[in-house]
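> Next up, target29.txt (compact mmCIF, C-alpha atoms).
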# COMPACT_ATOMS: atom_id res chain seq x y z
CA MET A 12 -43.22 -39.90 -184.06
CA ASP A 13 -46.12 -40.31 -181.64
CA SER A 14 -44.72 -37.70 -179.28
CA GLU A 15 -44.88 -35.13 -182.05
CA LYS A 16 -48.60 -35.68 -182.70
CA ALA A 17 -51.40 -33.70 -181.16
CA HIS A 18 -51.38 -34.08 -177.41
CA ASP A 19 -54.62 -35.19 -175.79
CA THR A 20 -54.98 -36.42 -172.24
CA HIS A 21 -57.14 -39.27 -173.48
CA SER A 22 -54.45 -40.57 -175.82
CA GLU A 23 -52.21 -41.56 -172.95
CA GLY A 24 -52.61 -44.36 -170.45
CA GLU A 25 -55.46 -46.02 -172.37
CA GLN A 26 -57.04 -48.97 -170.65
CA GLN A 27 -59.77 -51.34 -171.67
CA ALA A 28 -63.11 -50.23 -170.31
CA LYS A 29 -64.04 -51.90 -167.01
CA PRO A 30 -66.96 -54.32 -167.37
CA GLY A 31 -70.54 -53.67 -166.36
CA ILE A 32 -71.55 -50.94 -163.99
CA ARG A 33 -67.94 -49.92 -163.33
CA SER A 34 -67.55 -49.06 -167.00
CA PHE A 35 -70.64 -46.87 -166.78
CA TYR A 36 -69.53 -45.25 -163.53
CA TYR A 37 -66.03 -44.42 -164.73
CA HIS A 38 -67.16 -43.07 -168.09
CA PRO A 39 -66.15 -39.39 -168.37
CA LEU A 40 -69.70 -38.36 -169.32
CA PHE A 41 -71.17 -39.92 -166.17
CA GLN A 42 -68.45 -38.30 -164.07
CA THR A 43 -69.30 -34.94 -165.66
CA CYS A 44 -72.97 -35.47 -164.82
CA MET A 45 -72.06 -36.25 -161.20
CA LEU A 46 -70.00 -33.07 -161.11
CA GLY A 47 -73.02 -31.21 -162.48
CA PHE A 48 -75.22 -32.56 -159.68
CA VAL A 49 -72.71 -31.45 -157.03
CA CYS A 50 -72.98 -27.94 -158.43
CA PHE A 51 -76.76 -28.37 -158.82
CA MET A 52 -77.02 -28.76 -155.04
CA CYS A 53 -74.59 -26.00 -154.04
CA PRO A 54 -73.97 -23.10 -156.45
CA GLY A 55 -77.21 -23.97 -158.27
CA MET A 56 -79.27 -23.23 -155.17
CA PHE A 57 -77.12 -20.18 -154.46
CA ASN A 58 -78.04 -18.92 -157.94
CA ALA A 59 -81.73 -19.46 -157.24
CA LEU A 60 -81.41 -17.27 -154.16
CA SER A 61 -79.29 -14.59 -155.82
CA GLY A 62 -81.46 -14.45 -158.92
CA LEU A 63 -84.42 -13.18 -156.91
CA GLY A 64 -82.50 -9.94 -156.35
CA GLY A 65 -81.34 -8.93 -152.90
CA GLY A 66 -81.25 -12.57 -151.83
CA GLY A 67 -85.06 -12.54 -151.91
CA GLN A 68 -85.17 -9.76 -149.32
CA VAL A 69 -87.04 -6.47 -149.58
CA ASP A 70 -83.87 -4.52 -148.76
CA SER A 71 -81.00 -5.54 -151.03
CA GLN A 72 -78.20 -3.77 -149.13
CA THR A 73 -77.34 -6.70 -146.86
CA ALA A 74 -77.23 -9.08 -149.81
CA SER A 75 -75.03 -6.67 -151.78
CA ASN A 76 -72.58 -6.34 -148.88
CA ALA A 77 -72.53 -10.13 -148.41
CA ASN A 78 -71.86 -10.64 -152.11
CA SER A 79 -69.10 -8.06 -152.00
CA ALA A 80 -67.40 -9.93 -149.13
CA LEU A 81 -68.00 -13.24 -150.91
CA TYR A 82 -66.37 -12.18 -154.15
CA ALA A 83 -63.49 -10.42 -152.39
CA THR A 84 -62.37 -13.63 -150.65
CA PHE A 85 -63.29 -15.61 -153.78
CA ALA A 86 -60.94 -13.43 -155.84
CA PHE A 87 -58.02 -13.75 -153.43
CA PHE A 88 -58.20 -17.48 -152.79
CA SER A 89 -58.97 -18.39 -156.41
CA PHE A 90 -55.58 -17.10 -157.50
CA PHE A 91 -53.92 -19.85 -155.44
CA SER A 92 -56.68 -22.46 -155.60
CA GLY A 93 -55.21 -24.11 -158.70
CA SER A 94 -52.08 -24.94 -156.73
CA ILE A 95 -54.15 -26.14 -153.76
CA ASN A 96 -56.25 -28.32 -156.06
CA ASN A 97 -53.18 -29.89 -157.65
CA LYS A 98 -51.71 -30.63 -154.22
CA LEU A 99 -54.81 -31.92 -152.39
CA GLY A 100 -56.44 -33.49 -155.44
CA PRO A 101 -59.80 -32.59 -156.98
CA PRO A 102 -62.06 -34.82 -154.80
CA LEU A 103 -60.93 -33.29 -151.49
CA THR A 104 -60.80 -29.78 -152.96
CA LEU A 105 -64.33 -30.19 -154.32
CA PHE A 106 -65.61 -31.48 -150.97
CA ILE A 107 -64.13 -28.55 -149.05
CA GLY A 108 -65.70 -26.23 -151.59
CA THR A 109 -69.25 -27.45 -150.87
CA ILE A 110 -69.21 -26.58 -147.16
CA GLY A 111 -69.80 -22.83 -147.38
CA TYR A 112 -73.00 -22.93 -149.44
CA ALA A 113 -75.27 -24.32 -146.71
CA LEU A 114 -73.90 -21.74 -144.26
CA PHE A 115 -74.54 -18.85 -146.64
CA ILE A 116 -78.06 -19.89 -147.60
CA GLY A 117 -78.87 -20.54 -143.95
CA SER A 118 -77.66 -17.06 -143.04
CA PHE A 119 -80.49 -15.52 -145.06
CA LEU A 120 -83.00 -17.61 -143.10
CA THR A 121 -81.38 -16.25 -139.94
CA ASP A 122 -81.70 -12.72 -141.32
CA ASN A 123 -85.43 -13.27 -141.86
CA ILE A 124 -85.86 -14.40 -138.24
CA HIS A 125 -83.43 -11.91 -136.68
CA PRO A 126 -83.35 -8.57 -138.54
CA THR A 127 -80.08 -7.61 -136.81
CA ALA A 128 -78.21 -10.60 -138.26
CA GLY A 129 -76.77 -8.63 -141.18
CA PRO A 130 -73.12 -8.97 -140.01
CA PHE A 131 -73.55 -12.76 -139.84
CA VAL A 132 -74.78 -12.81 -143.44
CA VAL A 133 -71.74 -10.81 -144.53
CA ALA A 134 -69.38 -13.13 -142.60
CA ALA A 135 -71.07 -16.17 -144.16
CA GLY A 136 -70.50 -14.59 -147.56
CA ALA A 137 -66.79 -14.20 -146.85
CA ILE A 138 -66.52 -17.87 -145.80
CA LEU A 139 -68.42 -18.98 -148.88
CA GLY A 140 -65.97 -17.04 -151.05
CA ILE A 141 -63.12 -19.21 -149.77
CA CYS A 142 -65.07 -22.43 -150.28
CA ALA A 143 -66.32 -21.39 -153.73
CA ALA A 144 -62.75 -20.77 -154.88
CA PHE A 145 -61.93 -24.41 -154.15
CA LEU A 146 -65.14 -25.83 -155.61
CA TRP A 147 -64.99 -23.98 -158.92
CA THR A 148 -61.30 -24.63 -159.47
CA ALA A 149 -61.74 -28.38 -158.94
CA GLN A 150 -64.83 -28.28 -161.14
CA GLY A 151 -63.09 -26.49 -163.98
CA SER A 152 -60.04 -28.73 -164.03
CA LEU A 153 -62.18 -31.88 -164.03
CA MET A 154 -64.77 -30.69 -166.55
CA LEU A 155 -62.14 -29.57 -169.06
CA SER A 156 -59.91 -32.65 -168.69
CA TYR A 157 -62.62 -35.34 -168.96
CA PRO A 158 -63.59 -34.86 -172.65
CA THR A 159 -61.57 -35.21 -175.81
CA GLU A 160 -60.77 -32.07 -177.78
CA ALA A 161 -63.69 -32.72 -180.14
CA GLU A 162 -66.24 -32.98 -177.29
CA LYS A 163 -65.31 -30.19 -174.89
CA GLY A 164 -68.21 -27.99 -175.92
CA LYS A 165 -70.66 -30.84 -175.36
CA TYR A 166 -69.32 -31.69 -171.91
CA ILE A 167 -69.28 -28.06 -170.82
CA ALA A 168 -72.87 -27.67 -172.05
CA ILE A 169 -74.07 -30.82 -170.26
CA PHE A 170 -72.44 -29.72 -167.02
CA TRP A 171 -73.89 -26.21 -167.36
CA ALA A 172 -77.37 -27.59 -168.04
CA ILE A 173 -77.38 -29.87 -164.96
CA PHE A 174 -75.80 -27.20 -162.76
CA ASN A 175 -78.42 -24.62 -163.76
CA LEU A 176 -81.23 -27.05 -163.02
CA GLY A 177 -80.45 -26.09 -159.42
CA GLY A 178 -81.38 -22.51 -160.21
CA VAL A 179 -84.46 -23.69 -162.10
CA VAL A 180 -85.70 -25.92 -159.25
CA GLY A 181 -84.99 -23.30 -156.61
CA ALA A 182 -86.71 -20.61 -158.66
CA ALA A 183 -89.68 -22.91 -159.31
CA VAL A 184 -90.11 -23.44 -155.55
CA SER A 185 -90.03 -19.68 -155.00
CA LEU A 186 -92.48 -19.15 -157.86
CA GLY A 187 -94.85 -21.77 -156.47
CA GLN A 188 -94.75 -20.20 -153.03
CA ASN A 189 -95.36 -16.69 -154.34
CA PHE A 190 -97.59 -17.25 -157.36
CA HIS A 191 -100.79 -16.36 -155.51
CA SER A 192 -99.14 -13.47 -153.71
CA VAL A 193 -99.71 -9.97 -154.95
CA ALA A 194 -96.46 -8.75 -153.35
CA ASN A 195 -93.95 -11.00 -155.08
CA ALA A 196 -66.65 -39.90 -173.76
CA ASP A 197 -64.77 -42.25 -175.30
CA GLY A 198 -63.83 -45.03 -172.78
CA THR A 199 -60.16 -44.06 -172.30
CA LYS A 200 -58.58 -43.13 -169.03
CA VAL A 201 -58.38 -39.50 -167.93
CA GLU A 202 -54.85 -38.46 -167.12
CA CYS A 203 -54.09 -38.71 -163.43
CA PHE A 204 -53.30 -35.64 -161.37
CA ARG A 205 -49.78 -35.21 -160.14
CA ASN A 206 -49.05 -34.84 -156.42
CA PRO A 207 -46.33 -32.20 -156.43
CA THR A 208 -44.85 -30.21 -153.60
CA TRP A 209 -46.32 -26.87 -152.53
CA LYS A 210 -43.20 -25.15 -153.83
CA THR A 211 -43.62 -26.73 -157.26
CA GLU A 212 -47.27 -25.69 -157.43
CA ILE A 213 -46.56 -22.07 -156.51
CA MET A 214 -43.86 -22.05 -159.18
CA GLY A 215 -46.44 -23.51 -161.56
CA LEU A 216 -48.50 -20.30 -161.36
CA TRP A 217 -45.59 -18.31 -162.73
CA VAL A 218 -44.66 -20.98 -165.27
CA ALA A 219 -48.23 -21.05 -166.62
CA LEU A 220 -48.24 -17.28 -167.10
CA ARG A 221 -44.71 -17.06 -168.48
CA THR A 222 -45.04 -19.85 -171.00
CA ASP A 223 -48.63 -19.16 -172.07
CA PRO A 224 -49.09 -15.37 -171.75
CA MET A 225 -52.04 -15.39 -174.17
CA ILE A 226 -54.21 -16.29 -171.16
CA LEU A 227 -53.81 -12.64 -170.14
CA LEU A 228 -55.91 -11.61 -173.12
CA LEU A 229 -58.83 -13.53 -171.62
CA PHE A 230 -58.60 -11.68 -168.28
CA PRO A 231 -61.02 -8.91 -169.38
CA MET A 232 -63.56 -11.60 -170.34
CA PHE A 233 -62.98 -13.19 -166.94
CA TYR A 234 -63.52 -9.84 -165.19
CA ALA A 235 -66.82 -9.19 -166.95
CA SER A 236 -68.22 -12.71 -166.56
CA ASN A 237 -70.05 -12.11 -163.24
CA TYR A 238 -70.08 -8.33 -163.35
CA PHE A 239 -73.41 -8.13 -165.17
CA TYR A 240 -75.22 -10.17 -162.49
CA THR A 241 -75.53 -7.12 -160.25
CA TRP A 242 -77.57 -5.15 -162.75
CA GLN A 243 -79.60 -8.17 -163.89
CA PHE A 244 -80.55 -9.36 -160.40
CA ASN A 245 -80.60 -6.27 -158.17
CA ASP A 246 -80.94 -3.27 -160.47
CA TYR A 247 -83.47 -4.79 -162.87
CA ASN A 248 -85.23 -7.81 -161.35
CA GLN A 249 -85.32 -6.60 -157.76
CA ALA A 250 -85.84 -2.94 -158.66
CA LEU A 251 -88.80 -3.23 -161.04
CA PHE A 252 -90.83 -6.32 -160.13
CA ASP A 253 -92.93 -7.64 -157.26
CA ILE A 254 -91.97 -10.94 -155.65
CA ARG A 255 -94.22 -13.02 -157.93
CA ALA A 256 -92.73 -11.49 -161.08
CA ARG A 257 -89.21 -11.73 -159.64
CA SER A 258 -89.74 -15.44 -159.03
CA MET A 259 -90.99 -15.94 -162.58
CA ASN A 260 -88.07 -13.96 -164.00
CA ASN A 261 -85.64 -16.01 -161.94
CA PHE A 262 -87.23 -19.26 -163.16
CA VAL A 263 -87.03 -18.42 -166.87
CA TYR A 264 -83.54 -16.93 -166.45
CA TRP A 265 -82.00 -20.18 -165.23
CA LEU A 266 -84.11 -22.27 -167.60
CA SER A 267 -82.78 -20.26 -170.55
CA GLN A 268 -79.25 -20.90 -169.30
CA ILE A 269 -79.72 -24.58 -170.08
CA VAL A 270 -80.81 -23.76 -173.63
CA GLY A 271 -77.98 -21.29 -174.13
CA SER A 272 -75.21 -23.62 -172.99
CA LEU A 273 -76.46 -26.59 -175.02
CA ALA A 274 -76.98 -24.43 -178.10
CA ILE A 275 -73.53 -22.87 -178.25
CA GLY A 276 -71.72 -25.93 -176.90
CA ASN A 277 -73.24 -28.57 -179.17
CA LEU A 278 -74.33 -26.58 -182.21
CA VAL A 279 -71.34 -24.25 -182.53
CA LEU A 280 -68.23 -25.06 -180.51
CA ASP A 281 -68.30 -28.84 -181.13
CA GLN A 282 -69.17 -28.84 -184.83
CA VAL A 283 -66.13 -30.87 -185.87
CA LYS A 284 -66.92 -30.51 -189.58
CA PHE A 285 -65.48 -27.02 -189.15
CA SER A 286 -61.94 -26.23 -187.93
CA ARG A 287 -61.45 -25.45 -184.26
CA ARG A 288 -60.32 -21.92 -185.15
CA SER A 289 -63.49 -21.36 -187.20
CA ARG A 290 -65.62 -22.53 -184.30
CA ALA A 291 -63.77 -20.20 -181.93
CA PHE A 292 -64.43 -17.22 -184.19
CA ALA A 293 -68.08 -18.27 -184.59
CA GLY A 294 -68.54 -18.41 -180.82
CA TRP A 295 -66.91 -14.99 -180.49
CA ALA A 296 -69.23 -13.52 -183.15
CA ILE A 297 -72.33 -14.88 -181.43
CA LEU A 298 -71.26 -13.36 -178.12
CA PHE A 299 -70.58 -10.01 -179.80
CA VAL A 300 -74.08 -9.94 -181.28
CA MET A 301 -75.65 -11.00 -177.97
CA VAL A 302 -73.82 -8.25 -176.06
CA PHE A 303 -75.49 -5.60 -178.17
CA ILE A 304 -78.92 -7.25 -178.33
CA VAL A 305 -79.11 -7.55 -174.54
CA ASN A 306 -77.65 -4.15 -173.72
CA ILE A 307 -79.50 -2.07 -176.30
CA TRP A 308 -82.71 -3.71 -175.15
CA GLY A 309 -81.82 -3.14 -171.50
CA TYR A 310 -80.87 0.48 -172.11
CA PHE A 311 -84.39 1.38 -173.27
CA TYR A 312 -85.72 0.06 -169.95
CA GLN A 313 -82.94 1.41 -167.75
CA LYS A 314 -83.39 5.01 -168.90
CA THR A 315 -86.98 4.97 -167.60
CA TYR A 316 -86.12 4.56 -163.91
CA THR A 317 -83.53 5.46 -161.25
CA ARG A 318 -82.85 4.47 -157.65
CA GLU A 319 -84.85 7.48 -156.52
CA SER A 320 -87.88 6.64 -158.67
CA VAL A 321 -87.83 3.01 -157.52
CA LYS A 322 -87.91 4.09 -153.86
CA SER A 323 -91.04 6.14 -154.47
CA THR A 324 -92.82 3.36 -156.37
CA THR A 325 -95.61 1.78 -154.31
CA GLN A 326 -96.71 -0.87 -156.80
CA LYS A 327 -94.08 -2.78 -158.77
CA MET A 328 -94.64 -4.66 -162.03
CA ASP A 329 -96.55 -7.94 -161.80
CA ILE A 330 -96.80 -10.83 -164.27
CA TYR A 331 -100.30 -9.71 -165.29
CA ASP A 332 -99.26 -6.15 -166.15
CA LYS A 333 -99.35 -5.14 -169.81
CA GLY A 334 -95.62 -4.45 -170.15
CA TYR A 335 -94.44 -7.60 -168.40
CA PRO A 336 -94.03 -10.00 -171.38
CA ALA A 337 -91.41 -7.80 -173.07
CA HIS A 338 -89.57 -7.37 -169.77
CA VAL A 339 -89.45 -11.09 -169.06
CA TRP A 340 -88.09 -11.76 -172.53
CA LEU A 341 -85.14 -9.55 -171.66
CA MET A 342 -84.45 -11.80 -168.65
CA ILE A 343 -84.58 -14.81 -170.99
CA PHE A 344 -82.04 -13.24 -173.31
CA CYS A 345 -79.85 -12.30 -170.33
CA GLY A 346 -79.86 -15.96 -169.28
CA LEU A 347 -78.99 -17.11 -172.80
CA PHE A 348 -76.17 -14.59 -172.98
CA ASP A 349 -74.70 -15.54 -169.60
CA ALA A 350 -74.65 -19.27 -170.44
CA MET A 351 -73.09 -18.63 -173.84
CA TRP A 352 -70.45 -16.36 -172.31
CA GLN A 353 -69.43 -18.81 -169.57
CA THR A 354 -69.47 -21.83 -171.90
CA THR A 355 -67.29 -20.06 -174.46
CA VAL A 356 -64.79 -18.93 -171.81
CA TYR A 357 -64.41 -22.48 -170.53
CA TRP A 358 -64.12 -23.80 -174.09
CA LEU A 359 -61.37 -21.29 -174.94
CA MET A 360 -59.37 -22.35 -171.89
CA GLY A 361 -59.90 -25.96 -172.91
CA ALA A 362 -58.58 -25.12 -176.36
CA MET A 363 -55.34 -23.94 -174.76
CA SER A 364 -54.61 -27.10 -172.79
CA ASN A 365 -55.62 -30.69 -172.03
CA ASP A 366 -53.46 -30.97 -168.90
CA PRO A 367 -55.58 -31.10 -165.68
CA ALA A 368 -52.88 -29.29 -163.67
CA LYS A 369 -52.66 -26.40 -166.13
CA LEU A 370 -56.45 -26.25 -166.47
CA ALA A 371 -56.70 -25.99 -162.67
CA VAL A 372 -54.35 -23.00 -162.74
CA PHE A 373 -56.28 -21.38 -165.60
CA THR A 374 -59.59 -21.97 -163.83
CA GLY A 375 -58.13 -20.41 -160.69
CA PHE A 376 -57.15 -17.34 -162.70
CA TYR A 377 -60.63 -17.25 -164.22
CA LYS A 378 -62.44 -17.38 -160.89
CA SER A 379 -60.04 -14.94 -159.25
CA ILE A 380 -60.42 -12.24 -161.89
CA GLN A 381 -64.14 -12.93 -162.24
CA SER A 382 -64.68 -12.53 -158.51
CA ALA A 383 -62.62 -9.35 -158.31
CA GLY A 384 -64.98 -7.73 -160.79
CA ALA A 385 -68.05 -9.02 -158.98
CA ALA A 386 -66.78 -7.86 -155.56
CA GLY A 387 -66.28 -4.33 -156.84
CA VAL A 388 -69.66 -3.98 -158.53
CA TRP A 389 -71.63 -5.54 -155.66
CA ARG A 390 -70.00 -3.06 -153.28
CA ALA A 391 -70.74 -0.20 -155.67
CA ASP A 392 -74.37 -1.30 -155.74
CA ALA A 393 -74.50 -1.40 -151.95
CA THR A 394 -73.25 2.20 -151.76
CA GLY A 395 -76.07 3.30 -154.06
CA ILE A 396 -74.36 4.47 -157.23
CA PRO A 397 -76.83 5.09 -160.08
CA PHE A 398 -78.31 2.09 -161.85
CA MET A 399 -77.30 3.57 -165.19
CA ASN A 400 -73.63 3.70 -164.15
CA ILE A 401 -73.62 0.01 -163.32
CA PHE A 402 -75.49 -0.83 -166.52
CA LEU A 403 -73.16 1.12 -168.82
CA SER A 404 -70.02 -0.16 -167.11
CA SER A 405 -71.27 -3.74 -167.63
CA TRP A 406 -71.90 -3.06 -171.31
CA CYS A 407 -68.46 -1.54 -171.78
CA LEU A 408 -66.66 -4.34 -169.93
CA THR A 409 -68.29 -7.14 -171.92
CA THR A 410 -67.49 -5.37 -175.18
CA PHE A 411 -63.89 -4.72 -174.11
CA GLY A 412 -63.51 -8.35 -173.02
CA LEU A 413 -64.47 -9.59 -176.48
CA VAL A 414 -62.16 -7.13 -178.20
CA CYS A 415 -59.23 -8.38 -176.10
CA ALA A 416 -60.12 -12.04 -176.71
CA LEU A 417 -60.09 -11.69 -180.50
CA PRO A 418 -56.27 -11.60 -180.91
CA MET A 419 -55.96 -14.50 -178.46
CA ILE A 420 -58.25 -16.60 -180.68
CA TYR A 421 -56.31 -15.58 -183.79
CA LEU A 422 -52.84 -16.20 -182.34
CA ARG A 423 -53.35 -19.05 -179.86
CA VAL A 424 -56.22 -21.37 -180.84
CA LYS A 425 -54.88 -24.23 -182.95
CA GLU A 426 -56.46 -27.34 -184.41
CA HIS A 427 -54.92 -29.52 -181.70
CA THR A 428 -53.17 -28.99 -178.39
CA GLU A 429 -49.65 -30.39 -178.61
CA LEU A 430 -47.28 -31.60 -175.93
CA ALA A 431 -45.09 -28.57 -176.64
CA ASP A 432 -47.91 -26.40 -175.26
CA GLU A 433 -48.21 -28.38 -172.03
CA THR A 434 -45.48 -26.85 -169.92
CA LEU A 435 -46.92 -27.91 -166.56
CA ALA A 436 -47.27 -31.49 -167.77
CA ARG A 437 -43.55 -31.41 -168.59
CA MET A 438 -42.54 -29.87 -165.25
CA ASP A 439 -40.67 -32.17 -162.88
CA ASP A 440 -40.84 -32.17 -159.08
CA THR A 441 -38.16 -29.48 -158.85
CA GLY A 442 -40.17 -27.05 -161.00
CA ARG A 443 -38.00 -27.43 -164.11
CA VAL A 444 -39.83 -27.69 -167.43
CA ARG A 445 -38.34 -30.61 -169.36
CA GLU A 446 -37.53 -30.28 -173.04
CA LEU A 447 -39.41 -32.38 -175.58
CA ARG A 448 -36.25 -34.25 -176.54
CA GLU A 449 -35.90 -35.43 -172.94
CA LEU A 450 -39.36 -36.96 -173.05
CA LYS A 451 -38.77 -38.53 -176.44
CA GLY A 452 -35.79 -40.37 -175.06
CA LYS A 453 -37.96 -42.12 -172.48
Let's see the structure in the file written out as structure tokens.

Amino acid sequence: MDSEKAHDTHSEGEQQAKPGIRSFYYHPLFQTCMLGFVCFMCPGMFNALSGLGGGGQVDSQTASNANSALYATFAFFSFFSGSINNKLGPPLTLFIGTIGYALFIGSFLTDNIHPTAGPFVVAAGAILGICAAFLWTAQGSLMLSYPTEAEKGKYIAIFWAIFNLGGVVGAAVSLGQNFHSVANADGTKVECFRNPTWKTEIMGLWVALRTDPMILLLFPMFYASNYFYTWQFNDYNQALFDIRARSMNNFVYWLSQIVGSLAIGNLVLDQVKFSRRSRAFAGWAILFVMVFIVNIWGYFYQKTYTRESVKSTTQKMDIYDKGYPAHVWLMIFCGLFDAMWQTTVYWLMGAMSNDPAKLAVFTGFYKSIQSAGAAGVWRADATGIPFMNIFLSSWCLTTFGLVCALPMIYLRVKEHTELADETLARMDDTGRVRELRELKGK
């Protein structure tokens, strides 16, 4: 029977494509591109600022404290943001999520004008954390529910490429300003979102965990997914390079993200001539190799300097220095690794479900755990713990995250997501998960 076949959100509620420009506008690929441009303008520009190290400031402590506050509120609100998204709907949730980015970026301008504005920057970071929880949850649920199962890697990669153009453009502006300075789918309808009660949505958090506990095995990958930014941006880029080299590093970092996401999304995760399980294992293997390439390379640099030696350095590395090319290549590989990591995490969640409501919950979990890790390491950096400690902890966490994800891939990733896996899609307004036989009778 049809209800026993693989469940895909695009196989239900099919409609004939709307004529002309409406058909183009409502196409899932165009909607994904629009979503990418929203994130291009908000988190993309935030990334351009963060990638400079210390928010582009000479003293990174204020930026580290602001990021710590940001990720603390991000972690807390993300846990519930899936329920909020499912209640308010993705458009409103996404809109609310954009508000905090202008405030946060503006706070650094204020800090440049008024050196005593540090507390305002930290408060702006905390507000942005709340907004970012909403934006990224709406983004994740939409991005993973638009494509068919065979195209999820491609859609994730396209979104990631457009989103990271924000970092590229922002970094290019910074590079241009500082260069002469010696100091520096398929036409079917996407399943509609339900409008449940708040009680039902809070229950949905528990139902998602209880009925699909394999998501817990991805939590270590979630935790590590922003943890390594602190070392890359503050303890490497900001610590070793002048503002011109930092701007160049930031530019190539975000540019390499585009390459990394498209490469693993299109060339690996969406190669339908191979089974979905084979593609999942291939993606895992690539990440495992990249973890050790990036960290072994970084270790040979990290052991040559400390916080104390950086403070006593009067002339930092510039783009014309002899050792710079090898150092910038590490930043390129860090960007490739980050994009591949994030794309694979999203793809794995997409392999577990096609239901927008469940994907919103999963994305909320992802951003909550991710932000908890980032909040802790940004605060640790602000207190001045050794660079090597942060570096080694990042290496260990990424390795541990992959080890935990391996049994999840083996036990949970199947060739197709079936209706039996979609517990939230089968949940009625009272919070009861309906049996398959009940749905077959309708």
> Give me, please, the distance in Å between atom CA of A:Asn175 and atom CA of A:Phe244, quoted to one decimal.
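Computing it gives 15.8 Å between the two atoms.
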> What are the closest atom pairs, with distances in Å to one decimal, for all residues of stretch 252-333 of chain A lying within 7 Å of stretch 345-357 of chain A? Consider all atoms listed in the file, order rows by chain and residue number, and present the result as CSV.

residue,atom,partner,partner_atom,distance
A:Tyr264,CA,A:Gly346,CA,4.7
A:Trp265,CA,A:Gly346,CA,6.2
A:Ser267,CA,A:Gly346,CA,5.4
A:Gln268,CA,A:Gly346,CA,5.0
A:Val270,CA,A:Leu347,CA,6.9
A:Gly271,CA,A:Leu347,CA,4.5
A:Ser272,CA,A:Ala350,CA,5.1
A:Ile275,CA,A:Met351,CA,6.1
A:Gly276,CA,A:Thr354,CA,6.8
A:Gly294,CA,A:Thr355,CA,6.7
A:Leu298,CA,A:Trp352,CA,6.6
A:Met301,CA,A:Phe348,CA,6.2
A:Val305,CA,A:Cys345,CA,6.4
> Measure the distance from atom CA of A:Lys369 to atom CA of A:Ala144 in Å and round it to one decimal.
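Those two atoms sit 16.1 Å apart.
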> Using Å and a single decimal, report how far atom CA of A:Met419 sits from atom CA of A:Leu228.
6.1 Å
> List as a PDB file with C-alpha atoms, in the frame of the given file the protein and nucleic acid residues near A:Phe402, meaning an atom at most 7 Å away when only C-alpha atoms are counted, but skip any in the same chain fewer than 4 places from it.

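Contents of the output file selection-v1.pdb:
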ATOM      1  CA  TRP A 242     -77.570  -5.150-162.750  1.00  0.00           C
ATOM      2  CA  PHE A 398     -78.310   2.090-161.850  1.00  0.00           C
ATOM      3  CA  TRP A 406     -71.900  -3.060-171.310  1.00  0.00           C
TER       4      TRP A 406
END
> Kindly indicate which residue among A:Phe292, A:Phe174, A:Phe230, A:Trp358 lies nearest to A:Leu422, using all atoms listed in the file for the distances.
A:Phe292
> Counting all atoms listed in the file, what is within 7 Å of A:Ala393, bar same-chain residues fewer than 3 positions away, as a list in words?
Gln72, Ser75, Asn76, Trp389 and Arg390 of chain A
